[in-house]
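Okay, input27.txt now, which holds compact mmCIF, C-alpha atoms:
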# COMPACT_ATOMS: atom_id res chain seq x y z
CA MET X 1 -77.06 84.38 126.05
CA PRO X 2 -80.39 85.93 125.40
CA ARG X 3 -81.09 83.09 122.99
CA VAL X 4 -80.66 80.52 125.76
CA SER X 5 -83.00 82.35 128.07
CA ASP X 6 -85.51 82.54 125.22
CA VAL X 7 -85.30 78.82 124.69
CA ASP X 8 -85.74 78.32 128.41
CA THR X 9 -88.89 80.33 128.52
CA ILE X 10 -90.53 78.43 125.72
CA ALA X 11 -89.29 74.95 126.65
CA PRO X 12 -92.05 72.58 127.72
CA ASP X 13 -90.24 71.69 130.95
CA ASP X 14 -89.68 75.28 131.78
CA PRO X 15 -90.13 75.65 135.53
CA VAL X 16 -92.99 78.10 135.36
CA VAL X 17 -94.85 75.69 137.61
CA THR X 18 -95.12 78.24 140.33
CA LYS X 19 -97.01 80.52 137.98
CA THR X 20 -99.45 77.76 136.99
CA LYS X 21 -99.96 76.86 140.61
CA LYS X 22 -100.81 80.42 141.34
CA VAL X 23 -103.35 80.52 138.56
CA LYS X 24 -104.73 77.18 139.62
CA LYS X 25 -104.96 78.35 143.21
CA THR X 26 -106.85 81.48 142.32
CA VAL X 27 -109.21 79.52 140.10
CA GLN X 28 -109.71 76.98 142.85
CA ALA X 29 -110.41 79.74 145.31
CA SER X 30 -112.94 81.27 142.99
CA VAL X 31 -114.58 77.88 142.51
CA VAL X 32 -114.81 77.44 146.28
CA ASP X 33 -116.42 80.86 146.52
CA TYR X 34 -118.66 79.87 143.68
CA GLN X 35 -119.72 76.69 145.47
CA ASN X 36 -120.22 78.49 148.75
CA SER X 37 -122.43 81.13 147.33
CA ASN X 38 -124.58 78.51 145.49
CA PRO X 39 -124.35 80.08 142.04
CA ASN X 40 -126.91 77.78 140.43
CA ALA X 41 -129.54 79.19 142.73
CA GLN X 42 -128.24 82.66 141.99
CA PHE X 43 -128.52 82.08 138.27
CA ARG X 44 -132.02 80.69 138.66
CA ASP X 45 -133.04 83.65 140.81
CA LYS X 46 -131.72 86.00 138.16
CA ILE X 47 -133.56 84.11 135.44
CA ASN X 48 -136.78 84.18 137.47
CA GLU X 49 -136.27 87.88 138.04
CA ILE X 50 -135.94 88.42 134.29
CA LEU X 51 -138.87 86.25 133.32
CA GLY X 52 -141.46 86.99 135.96
CA HIS X 53 -144.27 84.47 136.34
CA THR X 54 -147.05 82.97 134.20
CA THR X 55 -149.47 80.14 134.88
CA ASN X 56 -151.86 80.22 131.92
CA PRO X 57 -151.24 77.11 129.75
CA LEU X 58 -152.29 79.11 126.69
CA SER X 59 -149.67 81.75 127.30
CA ALA X 60 -147.12 82.42 124.56
CA PHE X 61 -144.52 83.02 127.29
CA LEU X 62 -144.76 80.17 129.76
CA VAL X 63 -142.31 80.45 132.65
CA ASN X 64 -141.24 77.41 134.69
CA PRO X 65 -144.25 75.34 133.59
CA LYS X 66 -145.28 72.66 136.08
CA VAL X 67 -147.28 70.44 133.75
CA PHE X 68 -145.67 71.10 130.37
CA SER X 69 -143.36 68.42 129.02
CA PHE X 70 -142.06 67.11 125.70
CA GLU X 71 -141.22 63.63 124.47
CA GLU X 72 -137.44 64.10 124.21
CA LYS X 73 -137.09 65.67 127.66
CA ALA X 74 -134.55 64.03 129.96
CA ASP X 75 -135.66 63.17 133.50
CA ASP X 76 -133.23 65.54 135.18
CA GLU X 77 -133.86 68.37 132.73
CA ALA X 78 -135.73 71.44 133.95
CA ILE X 79 -137.88 73.44 131.55
CA LEU X 80 -137.33 77.14 132.19
CA LEU X 81 -139.28 78.76 129.41
CA VAL X 82 -141.77 77.68 126.75
CA LEU X 83 -142.38 80.10 123.92
CA ARG X 84 -145.04 80.19 121.25
CA PRO X 85 -145.55 82.83 118.58
CA HIS X 86 -147.07 86.01 120.03
CA TRP X 87 -150.89 86.00 120.29
CA PHE X 88 -151.04 88.82 117.76
CA THR X 89 -149.88 86.40 115.04
CA ASN X 90 -153.27 84.66 115.45
CA VAL X 91 -155.33 87.73 114.63
CA GLY X 92 -155.34 86.98 110.87
CA TRP X 93 -156.93 83.55 111.06
CA ILE X 94 -159.30 84.58 113.86
CA LEU X 95 -160.68 87.38 111.69
CA THR X 96 -160.91 85.01 108.70
CA THR X 97 -162.85 82.54 110.84
CA ILE X 98 -165.28 85.25 111.96
CA VAL X 99 -165.86 86.25 108.33
CA LEU X 100 -166.38 82.59 107.36
CA ILE X 101 -168.94 82.19 110.16
CA PHE X 102 -170.98 85.15 108.93
CA ILE X 103 -170.78 84.47 105.19
CA PRO X 104 -173.78 82.06 105.06
CA MET X 105 -175.88 84.57 107.03
CA PHE X 106 -175.22 87.54 104.78
CA LEU X 107 -174.51 86.13 101.35
CA PRO X 108 -177.67 85.43 99.37
CA LEU X 109 -177.01 81.70 99.16
CA SER X 110 -180.48 81.16 97.73
CA THR X 111 -179.39 82.96 94.55
CA ILE X 112 -176.07 81.09 94.31
CA PHE X 113 -177.73 77.73 94.86
CA SER X 114 -180.95 78.63 93.10
CA GLY X 115 -180.93 75.37 91.16
CA PHE X 116 -180.42 73.33 94.31
CA PRO X 117 -183.27 71.97 96.45
CA ALA X 118 -183.54 73.20 100.06
CA ASN X 119 -182.13 70.00 101.57
CA TYR X 120 -178.94 70.39 99.50
CA MET X 121 -178.59 73.95 100.74
CA PHE X 122 -178.99 72.80 104.32
CA VAL X 123 -176.27 70.14 103.98
CA THR X 124 -173.99 72.66 102.21
CA ILE X 125 -174.35 75.11 105.12
CA ILE X 126 -173.54 72.38 107.66
CA PHE X 127 -170.52 71.40 105.54
CA TRP X 128 -169.46 75.05 105.48
CA TYR X 129 -169.50 75.31 109.28
CA VAL X 130 -167.63 72.04 109.80
CA VAL X 131 -164.93 73.16 107.35
CA THR X 132 -164.79 76.58 109.08
CA PHE X 133 -164.33 74.80 112.38
CA ILE X 134 -161.48 72.62 111.09
CA PHE X 135 -159.82 75.66 109.51
CA ALA X 136 -159.75 77.46 112.87
CA PHE X 137 -158.85 74.28 114.76
CA GLU X 138 -155.88 73.55 112.49
CA LYS X 139 -154.59 77.10 112.80
CA PHE X 140 -154.89 76.90 116.55
CA LEU X 141 -153.11 73.53 116.64
CA SER X 142 -150.20 74.84 114.57
CA TRP X 143 -149.88 77.78 116.95
CA TYR X 144 -150.26 75.70 120.10
CA PHE X 145 -147.91 72.86 119.17
CA ASN X 146 -145.16 74.90 117.51
CA VAL X 147 -143.10 75.57 120.58
CA PHE X 148 -139.65 76.85 121.43
CA ILE X 149 -138.36 75.46 124.68
CA ILE X 150 -135.47 76.63 126.82
CA THR X 151 -134.33 74.11 129.39
CA ASP X 152 -131.35 74.27 131.72
CA GLU X 153 -129.43 72.11 129.22
CA ARG X 154 -130.55 73.10 125.72
CA VAL X 155 -132.83 75.03 123.44
CA VAL X 156 -135.42 73.07 121.51
CA ASP X 157 -137.60 74.02 118.55
CA ILE X 158 -140.56 71.75 117.77
CA ASP X 159 -142.47 72.49 114.57
CA PHE X 160 -145.49 70.77 113.07
CA ASN X 161 -146.15 71.72 109.47
CA ASN X 162 -149.67 71.12 108.18
CA LEU X 163 -150.26 68.68 111.04
CA LEU X 164 -148.34 66.01 109.15
CA VAL X 165 -144.64 66.91 109.34
CA LYS X 166 -142.79 67.13 112.63
CA LYS X 167 -139.48 68.96 112.82
CA PHE X 168 -137.36 68.78 115.94
CA SER X 169 -134.21 70.87 116.32
CA GLU X 170 -132.09 71.30 119.41
CA ALA X 171 -128.81 72.83 120.50
CA LYS X 172 -126.99 72.43 123.79
CA ILE X 173 -126.52 75.65 125.73
CA ASN X 174 -122.74 75.24 125.63
CA MET X 175 -122.88 74.97 121.81
CA ILE X 176 -124.54 78.36 121.45
CA GLN X 177 -122.15 80.83 119.89
CA ASP X 178 -124.22 83.89 119.26
CA VAL X 179 -127.74 85.08 120.03
CA THR X 180 -129.40 87.95 118.22
CA SER X 181 -132.92 89.27 118.05
CA ASN X 182 -134.82 91.42 115.62
CA VAL X 183 -138.08 93.26 116.07
CA VAL X 184 -139.09 94.59 112.68
CA GLY X 185 -142.20 96.57 111.87
CA LEU X 186 -144.78 98.71 113.57
CA LEU X 187 -146.94 96.01 115.11
CA PRO X 188 -144.05 93.87 116.44
CA THR X 189 -142.59 97.01 118.04
CA MET X 190 -145.97 97.95 119.54
CA PHE X 191 -146.64 94.47 120.91
CA ASN X 192 -142.99 93.67 121.63
CA PHE X 193 -142.47 90.48 119.69
CA GLY X 194 -139.83 89.39 117.18
CA ASN X 195 -137.38 86.72 116.11
CA VAL X 196 -134.55 85.32 118.18
CA LEU X 197 -131.72 83.84 116.11
CA ILE X 198 -129.42 81.39 117.83
CA GLN X 199 -126.15 80.53 116.09
CA THR X 200 -124.72 77.25 117.28
CA ALA X 201 -121.66 75.09 116.77
CA ALA X 202 -123.92 72.07 116.49
CA GLU X 203 -124.99 70.24 113.33
CA ILE X 204 -127.98 72.54 112.96
CA ASN X 205 -126.10 75.81 112.95
CA GLU X 206 -129.04 78.13 113.38
CA ILE X 207 -132.24 77.92 115.37
CA THR X 208 -134.80 80.66 114.97
CA PHE X 209 -137.56 81.39 117.44
CA GLU X 210 -140.08 83.22 115.29
CA ASN X 211 -142.40 85.99 116.50
CA VAL X 212 -141.82 85.24 120.16
CA PRO X 213 -142.88 87.72 122.82
CA ASN X 214 -140.23 89.63 124.79
CA PRO X 215 -137.18 88.68 122.66
CA GLU X 216 -134.90 90.78 124.86
CA LYS X 217 -135.84 88.70 127.91
CA VAL X 218 -135.16 85.50 125.96
CA ILE X 219 -131.69 86.78 125.10
CA LYS X 220 -130.98 87.71 128.72
CA VAL X 221 -132.04 84.25 129.88
CA LEU X 222 -129.82 82.59 127.30
CA GLN X 223 -126.92 84.79 128.42
CA GLN X 224 -127.44 83.70 132.03
CA LEU X 225 -127.60 80.06 131.01
CA ARG X 226 -124.42 80.36 128.96
CA GLN X 227 -122.61 81.93 131.91
CA GLU X 228 -123.89 79.14 134.14
CA GLU X 229 -122.66 76.52 131.66
CA GLU X 230 -119.24 78.20 131.44
CA LEU X 231 -118.89 78.14 135.22
CA GLU X 232 -120.02 74.55 135.37
CA ALA X 233 -117.44 73.63 132.73
CA LEU X 234 -114.76 75.43 134.71
CA GLN X 235 -115.75 73.63 137.88
CA GLY X 236 -115.70 70.31 136.05
CA ARG X 237 -112.19 70.97 134.71
CA ILE X 238 -110.75 71.73 138.18
CA ASN X 239 -112.39 68.73 139.82
CA MET Z 1 -185.51 62.54 78.13
CA ILE Z 2 -184.97 65.75 80.18
CA PRO Z 3 -186.47 64.32 83.41
CA GLN Z 4 -184.13 61.34 83.00
CA ILE Z 5 -181.09 63.66 82.69
CA ASN Z 6 -182.28 65.55 85.77
CA GLN Z 7 -182.52 62.27 87.65
CA TYR Z 8 -178.97 61.36 86.63
CA LEU Z 9 -177.76 64.79 87.67
CA GLN Z 10 -179.42 64.41 91.06
CA ILE Z 11 -177.77 61.03 91.57
CA LEU Z 12 -174.44 62.56 90.58
CA GLU Z 13 -174.95 65.46 93.02
CA LYS Z 14 -175.93 63.15 95.85
CA SER Z 15 -173.02 60.76 95.27
CA SER Z 16 -170.53 63.65 95.16
CA PHE Z 17 -171.93 64.96 98.46
CA VAL Z 18 -171.67 61.49 100.01
CA LEU Z 19 -168.16 61.01 98.64
CA GLY Z 20 -167.14 64.42 100.01
CA ALA Z 21 -168.56 63.54 103.42
CA VAL Z 22 -166.79 60.14 103.46
CA LEU Z 23 -163.48 61.78 102.53
CA TYR Z 24 -164.08 64.28 105.28
CA VAL Z 25 -164.54 61.43 107.80
CA ILE Z 26 -161.15 60.06 106.73
CA PHE Z 27 -159.65 63.51 107.20
CA ALA Z 28 -161.27 63.76 110.66
CA MET Z 29 -159.62 60.45 111.57
CA VAL Z 30 -156.26 61.83 110.45
CA VAL Z 31 -156.86 64.89 112.65
CA ILE Z 32 -157.54 62.65 115.68
CA LYS Z 33 -154.34 60.71 115.00
CA GLN Z 34 -152.31 63.86 114.55
CA VAL Z 35 -153.65 65.59 117.65
CA GLY Z 36 -152.81 62.42 119.58
CA THR Z 37 -149.26 62.36 118.19
CA MET Z 38 -148.71 66.04 118.85
CA SER Z 39 -150.09 65.72 122.38
CA LYS Z 40 -147.65 62.89 123.01
CA ASN Z 41 -144.79 65.06 121.74
CA VAL Z 42 -145.78 68.22 123.54
CA ASN Z 43 -147.68 67.54 126.71
CA ASP Z 44 -149.62 70.28 128.49
CA LYS Z 45 -152.79 70.91 130.52
CA PHE Z 46 -154.86 71.98 127.54
CA ASN Z 47 -154.15 68.85 125.45
CA SER Z 48 -157.16 66.93 126.75
CA VAL Z 49 -159.46 69.71 125.53
CA LEU Z 50 -157.89 69.54 122.05
CA ILE Z 51 -158.23 65.75 121.92
CA THR Z 52 -161.90 66.11 122.91
CA PHE Z 53 -162.40 68.69 120.15
CA SER Z 54 -160.86 66.37 117.57
CA TYR Z 55 -163.27 63.57 118.60
CA VAL Z 56 -166.26 65.93 118.53
CA HIS Z 57 -165.17 66.97 115.03
CA PHE Z 58 -165.01 63.31 113.99
CA VAL Z 59 -168.54 62.71 115.33
CA PHE Z 60 -169.76 65.70 113.32
CA ALA Z 61 -168.08 64.32 110.20
CA VAL Z 62 -169.82 60.94 110.66
CA PHE Z 63 -173.10 62.76 111.30
CA LEU Z 64 -172.56 64.58 108.01
CA VAL Z 65 -172.32 61.28 106.13
CA PHE Z 66 -175.63 60.15 107.66
CA LEU Z 67 -177.13 63.53 106.85
CA THR Z 68 -176.14 63.29 103.20
CA LEU Z 69 -177.49 59.73 102.99
CA VAL Z 70 -180.79 60.47 104.74
CA ILE Z 71 -181.69 64.02 103.70
CA LEU Z 72 -180.44 64.10 100.12

Could you write out this structure as structure tokens?
Amino acid sequence: MPRVSDVDTIAPDDPVVTKTKKVKKTVQASVVDYQNSNPNAQFRDKINEILGHTTNPLSAFLVNPKVFSFEEKADDEAILLVLRPHWFTNVGWILTTIVLIFIPMFLPLSTIFSGFPANYMFVTIIFWYVVTFIFAFEKFLSWYFNVFIITDERVVDIDFNNLLVKKFSEAKINMIQDVTSNVVGLLPTMFNFGNVLIQTAAEINEITFENVPNPEKVIKVLQQLRQEEELEALQGRIN
Amino acid sequence: MIPQINQYLQILEKSSFVLGAVLYVIFAMVVIKQVGTMSKNVNDKFNSVLITFSYVHFVFAVFLVFLTLVIL
């Protein structure tokens, strides 16, 4: 006897329909509540609350940019956050540039180029400054154009290496499995910047946002977006 | 004999300066192209300033070629 009842409970046509209906009803009710309370707006408000506001196009933490866009962006996609490496990561090349600017003024070039005529020295100095300029310009370009973008649909990492190689990686929000951050060292702790590692189920299984400011805020935003995606998926399944 | 060697050396110096400047002009052109490509990929307010800088840099590179040809 107990065997029969066991079989009944696990049979595919087992009349547990009432139970399913109940579950379905409660889910439907929650979805209705969800629609009524406009959760998308709620999520966005929460995200805005976390992120605050920035308008400077040279910011390393650009929130809801109005002008910013990227080539692969879909028309209905909204950019929520644009990240660049923290400004402190630029200190090294800025100091190098300053040193390079002052070298011709302080080094006794006349002794180094003693065999050279004055006109050669003049051209060499001009060359020096043009090369110094391009050194700083290139460093700035690699900082400015290496961006990490969080949209309402995906996370995108655009890298330009040595101005000649472009690398584009992306992962849909619903493919994100795990997000971790690490802030290692004295200066990153002082200035609050670090790496955000995003594990995904996509082809590229890891995306790293390097040296980004406020990594904890980035994680919170990604959490909100993942929750939003989960709810959207749930709503899609019921409809 | 020695003045002749000096003359050859001077020609060699001048031609290496000119060659360096010409190569630099080619590099400046690559920079313009790259800044353009990057600006197309990542579009923001500040891009126009960067494009202008890359053109100014190119003009300087061309000026350098003239400088090496005229002054040296």

Q: Define the interface residues of chain Z facing chain X as those within 10 Å, counting only C-alpha atoms, and report them as a VMD selection string.
A: chain Z and resid 10 13 to 14 17 20 to 21 24 28 30 to 31 33 to 35 37 to 47 50 53 to 54 57 60 to 61 64 to 65 67 to 68 71 to 72

Q) Could you work out how far atom CA of Ile51 of chain Z lies from atom CA of Leu81 of chain X, giving the answer in Å with one decimal? A) 24.2 Å

Q | d(atom CA of Val155 of chain X, atom CA of Gln199 of chain X) in Å | A | 11.4 Å

Please identify all polymer residues within 7 Å of segment 215-232 of chain X, counting all atoms listed in the file, omitting same-chain residues fewer than 4 positions from it, and present them as a short mmCIF file (atom, residue, chain, number, x, y, z; two decimals) with C-alpha atoms, in the coordinates of the input.
data_model
loop_
_atom_site.label_atom_id
_atom_site.label_comp_id
_atom_site.auth_asym_id
_atom_site.auth_seq_id
_atom_site.Cartn_x
_atom_site.Cartn_y
_atom_site.Cartn_z
CA PHE X 43 -128.52 82.08 138.27
CA ILE X 47 -133.56 84.11 135.44
CA ILE X 50 -135.94 88.42 134.29
CA LEU X 51 -138.87 86.25 133.32
CA ASP X 152 -131.35 74.27 131.72
CA ILE X 173 -126.52 75.65 125.73
CA ASN X 174 -122.74 75.24 125.63
CA VAL X 179 -127.74 85.08 120.03
CA SER X 181 -132.92 89.27 118.05
CA PHE X 193 -142.47 90.48 119.69
CA GLY X 194 -139.83 89.39 117.18
CA ASN X 195 -137.38 86.72 116.11
CA VAL X 196 -134.55 85.32 118.18
CA GLY X 236 -115.70 70.31 136.05
#

Q | Computed interatomic separation between atom CA of Ala233 of chain X and atom CA of Glu77 of chain X (Å) | A |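 Value for the atom CA of Ala233 of chain X-atom CA of Glu77 of chain X distance: 17.2 Å.
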
Do a neighbour search on Asn205 of chain X at 12 Å with all atoms listed in the file, toss out local chain neighbours closer than 3 positions, and write the hits as a compact mmCIF listing (two decimals) with C-alpha atoms, in the coordinates of the input.
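File written: around-v9.txt
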# COMPACT_ATOMS: atom_id res chain seq x y z
CA SER X 169 -134.21 70.87 116.32
CA GLU X 170 -132.09 71.30 119.41
CA ALA X 171 -128.81 72.83 120.50
CA LYS X 172 -126.99 72.43 123.79
CA MET X 175 -122.88 74.97 121.81
CA ILE X 176 -124.54 78.36 121.45
CA GLN X 177 -122.15 80.83 119.89
CA ASP X 178 -124.22 83.89 119.26
CA VAL X 179 -127.74 85.08 120.03
CA LEU X 197 -131.72 83.84 116.11
CA ILE X 198 -129.42 81.39 117.83
CA GLN X 199 -126.15 80.53 116.09
CA THR X 200 -124.72 77.25 117.28
CA ALA X 201 -121.66 75.09 116.77
CA ALA X 202 -123.92 72.07 116.49
CA THR X 208 -134.80 80.66 114.97

Taking all atoms of segment 22-27 of chain Z that the file lists, what box with edges along x, y and z, padded by 4 Å per side, do you get, with centre and edge lengths in Å to one decimal, as AutoDock Vina command-line options?
--center_x -163.2 --center_y 62.2 --center_z 105.2 --size_x 15.1 --size_y 12.2 --size_z 13.3

Find the residues near Trp87 of chain X: any atom within 9 Å, counting only C-alpha atoms, skip ones fewer than 5 places away on the same chain, and give them as a short mmCIF file (atom, residue, chain, number, x, y, z; two decimals) with C-alpha atoms, in the coordinates of the input.
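Saved file part27.cif follows:
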data_model
loop_
_atom_site.label_atom_id
_atom_site.label_comp_id
_atom_site.auth_asym_id
_atom_site.auth_seq_id
_atom_site.Cartn_x
_atom_site.Cartn_y
_atom_site.Cartn_z
CA SER X 59 -149.67 81.75 127.30
CA ALA X 60 -147.12 82.42 124.56
CA TRP X 143 -149.88 77.78 116.95
CA PRO X 213 -142.88 87.72 122.82
#

Can you put N, CA and C atoms back into segment 134-163 of chain X and show it as a PDB file, in the coordinates of the input?
ATOM      1  N   ILE X 134    -162.783  73.302 111.232  1.00  0.00           N
ATOM      2  CA  ILE X 134    -161.480  72.620 111.090  1.00  0.00           C
ATOM      3  C   ILE X 134    -160.403  73.610 110.655  1.00  0.00           C
ATOM      4  N   PHE X 135    -160.787  74.625 109.903  1.00  0.00           N
ATOM      5  CA  PHE X 135    -159.820  75.660 109.510  1.00  0.00           C
ATOM      6  C   PHE X 135    -159.257  76.342 110.765  1.00  0.00           C
ATOM      7  N   ALA X 136    -160.182  76.774 111.646  1.00  0.00           N
ATOM      8  CA  ALA X 136    -159.750  77.460 112.870  1.00  0.00           C
ATOM      9  C   ALA X 136    -158.976  76.510 113.789  1.00  0.00           C
ATOM     10  N   PHE X 137    -159.468  75.272 113.876  1.00  0.00           N
ATOM     11  CA  PHE X 137    -158.850  74.280 114.760  1.00  0.00           C
ATOM     12  C   PHE X 137    -157.410  73.984 114.324  1.00  0.00           C
ATOM     13  N   GLU X 138    -157.220  73.824 113.022  1.00  0.00           N
ATOM     14  CA  GLU X 138    -155.880  73.550 112.490  1.00  0.00           C
ATOM     15  C   GLU X 138    -154.924  74.704 112.762  1.00  0.00           C
ATOM     16  N   LYS X 139    -155.430  75.918 112.557  1.00  0.00           N
ATOM     17  CA  LYS X 139    -154.590  77.100 112.800  1.00  0.00           C
ATOM     18  C   LYS X 139    -154.199  77.164 114.270  1.00  0.00           C
ATOM     19  N   PHE X 140    -155.177  76.868 115.120  1.00  0.00           N
ATOM     20  CA  PHE X 140    -154.890  76.900 116.550  1.00  0.00           C
ATOM     21  C   PHE X 140    -153.853  75.828 116.915  1.00  0.00           C
ATOM     22  N   LEU X 141    -154.042  74.620 116.342  1.00  0.00           N
ATOM     23  CA  LEU X 141    -153.110  73.530 116.640  1.00  0.00           C
ATOM     24  C   LEU X 141    -151.693  73.888 116.212  1.00  0.00           C
ATOM     25  N   SER X 142    -151.565  74.502 115.007  1.00  0.00           N
ATOM     26  CA  SER X 142    -150.200  74.840 114.570  1.00  0.00           C
ATOM     27  C   SER X 142    -149.593  75.917 115.458  1.00  0.00           C
ATOM     28  N   TRP X 143    -150.415  76.784 116.010  1.00  0.00           N
ATOM     29  CA  TRP X 143    -149.880  77.780 116.950  1.00  0.00           C
ATOM     30  C   TRP X 143    -149.496  77.107 118.282  1.00  0.00           C
ATOM     31  N   TYR X 144    -150.408  76.280 118.763  1.00  0.00           N
ATOM     32  CA  TYR X 144    -150.260  75.700 120.100  1.00  0.00           C
ATOM     33  C   TYR X 144    -149.091  74.703 120.186  1.00  0.00           C
ATOM     34  N   PHE X 145    -148.921  73.905 119.110  1.00  0.00           N
ATOM     35  CA  PHE X 145    -147.910  72.860 119.170  1.00  0.00           C
ATOM     36  C   PHE X 145    -146.552  73.270 118.598  1.00  0.00           C
ATOM     37  N   ASN X 146    -146.474  74.419 117.960  1.00  0.00           N
ATOM     38  CA  ASN X 146    -145.160  74.900 117.510  1.00  0.00           C
ATOM     39  C   ASN X 146    -144.513  75.657 118.658  1.00  0.00           C
ATOM     40  N   VAL X 147    -143.652  74.965 119.370  1.00  0.00           N
ATOM     41  CA  VAL X 147    -143.100  75.570 120.580  1.00  0.00           C
ATOM     42  C   VAL X 147    -141.576  75.681 120.535  1.00  0.00           C
ATOM     43  N   PHE X 148    -141.091  76.674 121.233  1.00  0.00           N
ATOM     44  CA  PHE X 148    -139.650  76.850 121.430  1.00  0.00           C
ATOM     45  C   PHE X 148    -139.430  76.676 122.925  1.00  0.00           C
ATOM     46  N   ILE X 149    -138.543  75.785 123.257  1.00  0.00           N
ATOM     47  CA  ILE X 149    -138.360  75.460 124.680  1.00  0.00           C
ATOM     48  C   ILE X 149    -136.930  75.773 125.096  1.00  0.00           C
ATOM     49  N   ILE X 150    -136.805  76.418 126.243  1.00  0.00           N
ATOM     50  CA  ILE X 150    -135.470  76.630 126.820  1.00  0.00           C
ATOM     51  C   ILE X 150    -135.413  75.838 128.119  1.00  0.00           C
ATOM     52  N   THR X 151    -134.520  74.881 128.158  1.00  0.00           N
ATOM     53  CA  THR X 151    -134.330  74.110 129.390  1.00  0.00           C
ATOM     54  C   THR X 151    -132.979  74.525 129.993  1.00  0.00           C
ATOM     55  N   ASP X 152    -132.639  73.922 131.122  1.00  0.00           N
ATOM     56  CA  ASP X 152    -131.350  74.270 131.720  1.00  0.00           C
ATOM     57  C   ASP X 152    -130.178  73.654 130.953  1.00  0.00           C
ATOM     58  N   GLU X 153    -130.478  72.782 129.980  1.00  0.00           N
ATOM     59  CA  GLU X 153    -129.430  72.110 129.220  1.00  0.00           C
ATOM     60  C   GLU X 153    -129.356  72.515 127.751  1.00  0.00           C
ATOM     61  N   ARG X 154    -130.515  72.873 127.173  1.00  0.00           N
ATOM     62  CA  ARG X 154    -130.550  73.100 125.720  1.00  0.00           C
ATOM     63  C   ARG X 154    -131.711  73.983 125.296  1.00  0.00           C
ATOM     64  N   VAL X 155    -131.670  74.352 124.036  1.00  0.00           N
ATOM     65  CA  VAL X 155    -132.830  75.030 123.440  1.00  0.00           C
ATOM     66  C   VAL X 155    -133.421  74.074 122.407  1.00  0.00           C
ATOM     67  N   VAL X 156    -134.733  74.023 122.380  1.00  0.00           N
ATOM     68  CA  VAL X 156    -135.420  73.070 121.510  1.00  0.00           C
ATOM     69  C   VAL X 156    -136.478  73.811 120.689  1.00  0.00           C
ATOM     70  N   ASP X 157    -136.582  73.431 119.424  1.00  0.00           N
ATOM     71  CA  ASP X 157    -137.600  74.020 118.550  1.00  0.00           C
ATOM     72  C   ASP X 157    -138.407  72.864 117.973  1.00  0.00           C
ATOM     73  N   ILE X 158    -139.698  72.806 118.312  1.00  0.00           N
ATOM     74  CA  ILE X 158    -140.560  71.750 117.770  1.00  0.00           C
ATOM     75  C   ILE X 158    -141.572  72.397 116.823  1.00  0.00           C
ATOM     76  N   ASP X 159    -141.551  71.947 115.578  1.00  0.00           N
ATOM     77  CA  ASP X 159    -142.470  72.490 114.570  1.00  0.00           C
ATOM     78  C   ASP X 159    -143.328  71.386 113.982  1.00  0.00           C
ATOM     79  N   PHE X 160    -144.604  71.679 113.802  1.00  0.00           N
ATOM     80  CA  PHE X 160    -145.490  70.770 113.070  1.00  0.00           C
ATOM     81  C   PHE X 160    -146.000  71.531 111.864  1.00  0.00           C
ATOM     82  N   ASN X 161    -145.663  71.045 110.673  1.00  0.00           N
ATOM     83  CA  ASN X 161    -146.150  71.720 109.470  1.00  0.00           C
ATOM     84  C   ASN X 161    -147.346  70.969 108.910  1.00  0.00           C
ATOM     85  N   ASN X 162    -148.432  71.684 108.739  1.00  0.00           N
ATOM     86  CA  ASN X 162    -149.670  71.120 108.180  1.00  0.00           C
ATOM     87  C   ASN X 162    -150.141  69.865 108.913  1.00  0.00           C
ATOM     88  N   LEU X 163    -149.876  69.796 110.167  1.00  0.00           N
ATOM     89  CA  LEU X 163    -150.260  68.680 111.040  1.00  0.00           C
ATOM     90  C   LEU X 163    -149.606  67.348 110.666  1.00  0.00           C
TER      91      LEU X 163
END
